[in-house]
$ cat final.pdb   # PDB, C-alpha atoms
MODEL        1
ATOM      1  CA  MET A1410      21.478   1.233   3.895
ATOM      2  CA  LEU A1411      19.358  -1.914   3.506
ATOM      3  CA  THR A1412      16.158   0.103   3.875
ATOM      4  CA  ILE A1413      17.250   2.652   1.258
ATOM      5  CA  ALA A1414      18.165  -0.183  -1.118
ATOM      6  CA  ALA A1415      14.763  -1.851  -0.388
ATOM      7  CA  VAL A1416      16.362  -5.131   0.648
ATOM      8  CA  PRO A1417      13.624  -7.391   2.092
ATOM      9  CA  ASP A1418      13.776  -8.346   5.765
ATOM     10  CA  ARG A1419      14.667 -12.023   6.005
ATOM     11  CA  LYS A1420      13.004 -12.334   9.419
ATOM     12  CA  ALA A1421       9.669 -10.730   8.531
ATOM     13  CA  SER A1422       6.609 -12.916   8.925
ATOM     14  CA  ALA A1423       4.191 -13.010   6.040
ATOM     15  CA  GLY A1424       1.288 -14.244   8.162
ATOM     16  CA  GLY A1425       0.714 -17.105   5.743
ATOM     17  CA  ASN A1426       2.823 -19.637   3.983
ATOM     18  CA  THR A1427       1.542 -19.453   0.422
ATOM     19  CA  GLY A1428       4.055 -18.388  -2.189
ATOM     20  CA  GLN A1429       2.437 -15.035  -2.904
ATOM     21  CA  ALA A1430       1.917 -14.245   0.803
ATOM     22  CA  LEU A1431       5.619 -14.801   1.423
ATOM     23  CA  VAL A1432       6.587 -12.603  -1.518
ATOM     24  CA  ILE A1433       4.387  -9.740  -0.326
ATOM     25  CA  GLY A1434       4.919 -10.143   3.417
ATOM     26  CA  GLN A1435       8.680 -10.421   3.293
ATOM     27  CA  GLY A1436       9.022  -7.310   1.163
ATOM     28  CA  TRP A1437       9.940  -8.747  -2.223
ATOM     29  CA  THR A1438       7.106  -6.930  -3.986
ATOM     30  CA  MET A1439       8.316  -3.640  -2.534
ATOM     31  CA  ALA A1440      11.883  -4.500  -3.535
ATOM     32  CA  GLU A1441      10.736  -5.121  -7.129
ATOM     33  CA  SER A1442       8.929  -1.770  -7.210
ATOM     34  CA  ALA A1443      11.996   0.014  -5.854
ATOM     35  CA  ALA A1444      14.229  -1.684  -8.438
ATOM     36  CA  LYS A1445      11.901  -0.614 -11.263
ATOM     37  CA  SER A1446      11.869   2.975 -10.006
ATOM     38  CA  MET A1447      15.678   3.077  -9.928
ATOM     39  CA  GLU A1448      16.156   1.614 -13.403
ATOM     40  CA  HIS A1449      16.018   4.988 -15.150
ATOM     41  CA  GLU A1450      18.971   6.228 -13.053
ATOM     42  CA  PHE A1451      21.048   3.225 -14.061
ATOM     43  CA  LYS A1452      20.020   3.564 -17.709
ATOM     44  CA  ALA A1453      21.008   7.233 -17.802
ATOM     45  CA  THR A1454      24.509   6.580 -16.447
ATOM     46  CA  GLU A1455      24.921   3.507 -18.651
ATOM     47  CA  LYS A1456      24.015   5.559 -21.740
ATOM     48  CA  ARG A1457      26.581   8.198 -20.818
ATOM     49  CA  PHE A1458      29.193   5.452 -20.419
ATOM     50  CA  LEU A1459      28.224   3.818 -23.738
ATOM     51  CA  ALA A1460      28.393   7.171 -25.552
ATOM     52  CA  PHE A1461      31.945   7.579 -24.259
ATOM     53  CA  VAL A1462      32.884   4.017 -25.293
ATOM     54  CA  LEU A1463      31.441   4.537 -28.780
ATOM     55  CA  ARG A1464      33.485   7.720 -29.184
ATOM     56  CA  CYS A1465      36.616   5.832 -28.082
ATOM     57  CA  LEU A1466      35.837   2.970 -30.464
ATOM     58  CA  ASN A1467      35.253   5.189 -33.454
ATOM     59  CA  VAL A1468      36.529   2.415 -35.705
ATOM     60  CA  PRO A1469      35.352   1.944 -39.321
ATOM     61  CA  GLN A1470      34.895  -1.821 -38.755
ATOM     62  CA  LEU A1471      31.980  -1.090 -36.399
ATOM     63  CA  GLY A1472      30.107   0.636 -39.190
ATOM     64  CA  SER A1473      27.452   3.077 -38.126
ATOM     65  CA  LEU A1474      26.859   1.740 -34.618
ATOM     66  CA  SER A1475      25.079   4.373 -32.542
ATOM     67  CA  LEU A1476      23.770   4.662 -29.010
ATOM     68  CA  GLY A1477      20.239   4.041 -30.296
ATOM     69  CA  ASP A1478      21.317   0.591 -31.547
ATOM     70  CA  ILE A1479      22.088  -0.554 -27.991
ATOM     71  CA  GLU A1480      19.278  -1.560 -25.657
ATOM     72  CA  ILE A1481      19.875  -1.607 -21.913
ATOM     73  CA  LYS A1482      18.042  -4.461 -20.183
ATOM     74  CA  PHE A1483      17.589  -5.488 -16.579
ATOM     75  CA  THR A1484      17.056  -9.176 -15.946
ATOM     76  CA  ARG A1485      15.070 -10.166 -12.900
ATOM     77  CA  ASN A1486      13.206 -13.278 -11.856
ATOM     78  CA  LYS A1487       9.916 -13.172 -13.736
ATOM     79  CA  THR A1488       8.514 -16.467 -12.414
ATOM     80  CA  ASP A1489       6.288 -15.037  -9.674
ATOM     81  CA  ASN A1490       2.632 -15.754 -10.458
ATOM     82  CA  LEU A1491       3.806 -17.925 -13.333
ATOM     83  CA  LEU A1492       0.444 -19.667 -13.814
ATOM     84  CA  THR A1493      -1.448 -16.367 -13.866
ATOM     85  CA  LYS A1494       0.989 -14.857 -16.374
ATOM     86  CA  THR A1495       0.911 -17.858 -18.705
ATOM     87  CA  GLN A1496      -2.891 -17.953 -18.581
ATOM     88  CA  GLY A1497      -2.943 -14.229 -19.336
ATOM     89  CA  LEU A1498      -0.670 -14.787 -22.335
ATOM     90  CA  GLN A1499      -2.847 -17.628 -23.608
ATOM     91  CA  ASN A1500      -6.035 -15.597 -23.117
ATOM     92  CA  GLN A1501      -4.576 -12.685 -25.069
ATOM     93  CA  LEU A1502      -3.511 -14.969 -27.919
ATOM     94  CA  GLU A1503      -6.919 -16.647 -28.031
ATOM     95  CA  ALA A1504      -8.629 -13.233 -28.050
ATOM     96  CA  GLY A1505      -6.713 -12.336 -31.206
ATOM     97  CA  ILE A1506      -4.049 -10.056 -29.740
ATOM     98  CA  HIS A1507      -0.920 -10.117 -31.916
ATOM     99  CA  PRO A1508       1.683 -12.462 -30.338
ATOM    100  CA  ARG A1509       4.318  -9.695 -30.214
ATOM    101  CA  ILE A1510       1.993  -7.513 -28.106
ATOM    102  CA  ALA A1511       0.759 -10.386 -25.930
ATOM    103  CA  ILE A1512       4.324 -11.494 -25.140
ATOM    104  CA  ALA A1513       5.366  -7.934 -24.342
ATOM    105  CA  HIS A1514       2.498  -7.389 -21.900
ATOM    106  CA  CYS A1515       2.249 -10.739 -20.097
ATOM    107  CA  GLY A1516       5.179  -9.975 -17.771
ATOM    108  CA  LEU A1517       6.964 -13.280 -18.276
ATOM    109  CA  TYR A1518      10.065 -12.185 -20.146
ATOM    110  CA  SER A1519      12.869  -9.685 -19.664
ATOM    111  CA  ASP A1520      13.351  -9.464 -23.430
ATOM    112  CA  PRO A1521       9.920  -9.981 -25.034
ATOM    113  CA  GLU A1522      11.107  -8.926 -28.494
ATOM    114  CA  GLN A1523      13.754 -11.660 -28.558
ATOM    115  CA  VAL A1524      11.220 -14.203 -27.257
ATOM    116  CA  PHE A1525       8.890 -13.259 -30.108
ATOM    117  CA  LEU A1526      11.668 -13.577 -32.695
ATOM    118  CA  ASP A1527      12.875 -16.914 -31.296
ATOM    119  CA  SER A1528       9.309 -18.255 -31.051
ATOM    120  CA  SER A1529       7.917 -16.928 -34.330
ATOM    121  CA  GLU A1530       7.915 -20.332 -36.006
ATOM    122  CA  TYR A1531       5.936 -21.772 -33.071
ATOM    123  CA  LEU A1532       3.548 -18.803 -32.997
ATOM    124  CA  GLN A1533       2.482 -19.203 -36.634
ATOM    125  CA  LYS A1534      -0.927 -20.621 -35.667
ATOM    126  CA  TRP A1535      -1.731 -17.396 -33.766
ATOM    127  CA  ILE A1536      -0.322 -15.130 -36.482
ATOM    128  CA  ILE A1537      -2.159 -16.964 -39.288
ATOM    129  CA  SER A1538      -5.381 -16.958 -37.266
ATOM    130  CA  GLY A1539      -5.120 -13.187 -36.762
ATOM    131  CA  GLU A1540      -4.533 -12.605 -40.478
ATOM    132  CA  GLN A1541      -7.535 -14.767 -41.374
ATOM    133  CA  ASP A1542      -9.708 -12.820 -38.928
ATOM    134  CA  LYS A1543      -8.570  -9.551 -40.536
ATOM    135  CA  GLN A1544      -9.380 -10.838 -44.021
ATOM    136  CA  ALA A1545     -12.800 -12.064 -42.896
ATOM    137  CA  ALA A1546     -13.553  -8.654 -41.372
ATOM    138  CA  ASN A1547     -12.625  -6.904 -44.632
ATOM    139  CA  VAL A1548     -14.981  -9.097 -46.698
ATOM    140  CA  VAL A1549     -18.156  -8.173 -44.809
ATOM    141  CA  ASP A1550     -20.992  -7.152 -47.142
ATOM    142  CA  MET A1551     -22.002  -3.790 -45.670
ATOM    143  CA  ASP A1552     -25.114  -3.394 -47.876
ATOM    144  CA  GLY A1553     -26.389  -6.826 -46.943
ATOM    145  CA  GLU A1554     -25.680  -6.123 -43.285
ATOM    146  CA  LEU A1555     -27.599  -2.830 -43.380
ATOM    147  CA  GLU A1556     -30.533  -4.535 -45.089
ATOM    148  CA  ALA A1557     -30.574  -7.274 -42.450
ATOM    149  CA  ILE A1558     -30.584  -4.695 -39.644
ATOM    150  CA  LEU A1559     -33.452  -2.774 -41.263
ATOM    151  CA  ASN A1560     -35.444  -5.981 -41.705
ATOM    152  CA  LYS A1561     -34.970  -6.832 -38.036
ATOM    153  CA  LEU A1562     -36.173  -3.359 -37.106
ATOM    154  CA  GLY A1563     -39.166  -3.760 -39.376
ATOM    155  CA  GLY A1564     -38.075  -1.283 -42.035
ATOM    156  CA  ASP A1565     -38.437  -1.515 -45.796
ATOM    157  CA  ASP A1566     -35.714  -1.251 -48.459
ATOM    158  CA  ASN A1567     -35.897   2.555 -48.456
ATOM    159  CA  GLY A1568     -35.071   2.749 -44.762
ATOM    160  CA  GLU A1569     -38.648   3.707 -43.810
ATOM    161  CA  LEU A1570     -39.962   1.988 -40.703
ATOM    162  CA  SER A1571     -43.071  -0.008 -41.339
ATOM    163  CA  GLU A1572     -46.134   0.040 -39.122
ATOM    164  CA  ARG A1573     -45.856  -3.191 -37.142
TER     165      ARG A1573
ENDMDL
END
$ encode --input "final.pdb" --output "structure tokens"
Amino acid sequence: MLTIAAVPDRKASAGGNTGQALVIGQGWTMAESAAKSMEHEFKATEKRFLAFVLRCLNVPQLGSLSLGDIEIKFTRNKTDNLLTKTQGLQNQLEAGIHPRIAIAHCGLYSDPEQVFLDSSEYLQKWIISGEQDKQAANVVDMDGELEAILNKLGGDDNGELSER
């Protein structure tokens, strides 16, 4: 039963004593993968249950609550490789990735959308920076840029290459 449930062996030796070596060697990485692969089974049964509950609670006070309004989440410990994940998040933000996308893909949070909403006031510097970059990109003088490229290539204003 423990093998089917992917429960890590408490007696397994990792061969090293670093944090990541213990996580991998003792089977926690495999347990995480197994848990992720089983999530869809749990979500399917939970949705069937919620559909039944919503039919039972067909009460006008709930308004137009539907199954699509309910998100099923699984909370697990997301602190493994914390430094790597936080550096990845910072690198994405500095590269100009929208904070909502960077937070969703860094792997730090079980509910990245809520983290973004709760942190939006603190993320303003990244959001404003991204908007300024977009505006700067839209203001580029394409004619002047083409002329500069032709001049570097040794061409004249008509696009003809000169004999250099």
$ atom_distance --input "final.pdb" --atom1 "CA of Leu1517 (chain A)" --atom2 "CA of Lys1445 (chain A)"
15.3 Å
$ closest_residue --input "final.pdb" --among "A:Trp1535, A:Thr1412, A:Ser1529, A:Glu1450" --to "Ala1504 (chain A)" --atoms "only C-alpha atoms"
A:Trp1535
$ residues_near_point --input "final.pdb" --point "(21.0, -3.3, -18.3)" --cutoff "9 Å" --atoms "only C-alpha atoms" --output "PyMOL selection string"
chain A and resi 1448+1451-1452+1455+1480-1484
$ axis_aligned_box --input "final.pdb" --around "region 1446-1458 of chain A" --padding-each-side "8 Å" --output "lines of an AutoDock Vina configuration file"
center_x = 20.5
center_y = 4.9
center_z = -15.8
size_x = 33.3
size_y = 22.6
size_z = 27.8
$ atom_distance --input "final.pdb" --atom1 "CA of Leu1476 (chain A)" --atom2 "CA of Glu1522 (chain A)"
18.6 Å
$ closest_residue --input "final.pdb" --among "A:Ala1460, A:Thr1438, A:His1449, A:Cys1515" --to "Thr1493 (chain A)" --atoms "all atoms listed in the file"
A:Cys1515
$ residues_near_point --input "final.pdb" --point "(26.2, 4.6, -23.8)" --cutoff "12 Å" --atoms "all atoms listed in the file" --output "ChimeraX atom specification"
/A:1451-1466,1474-1481
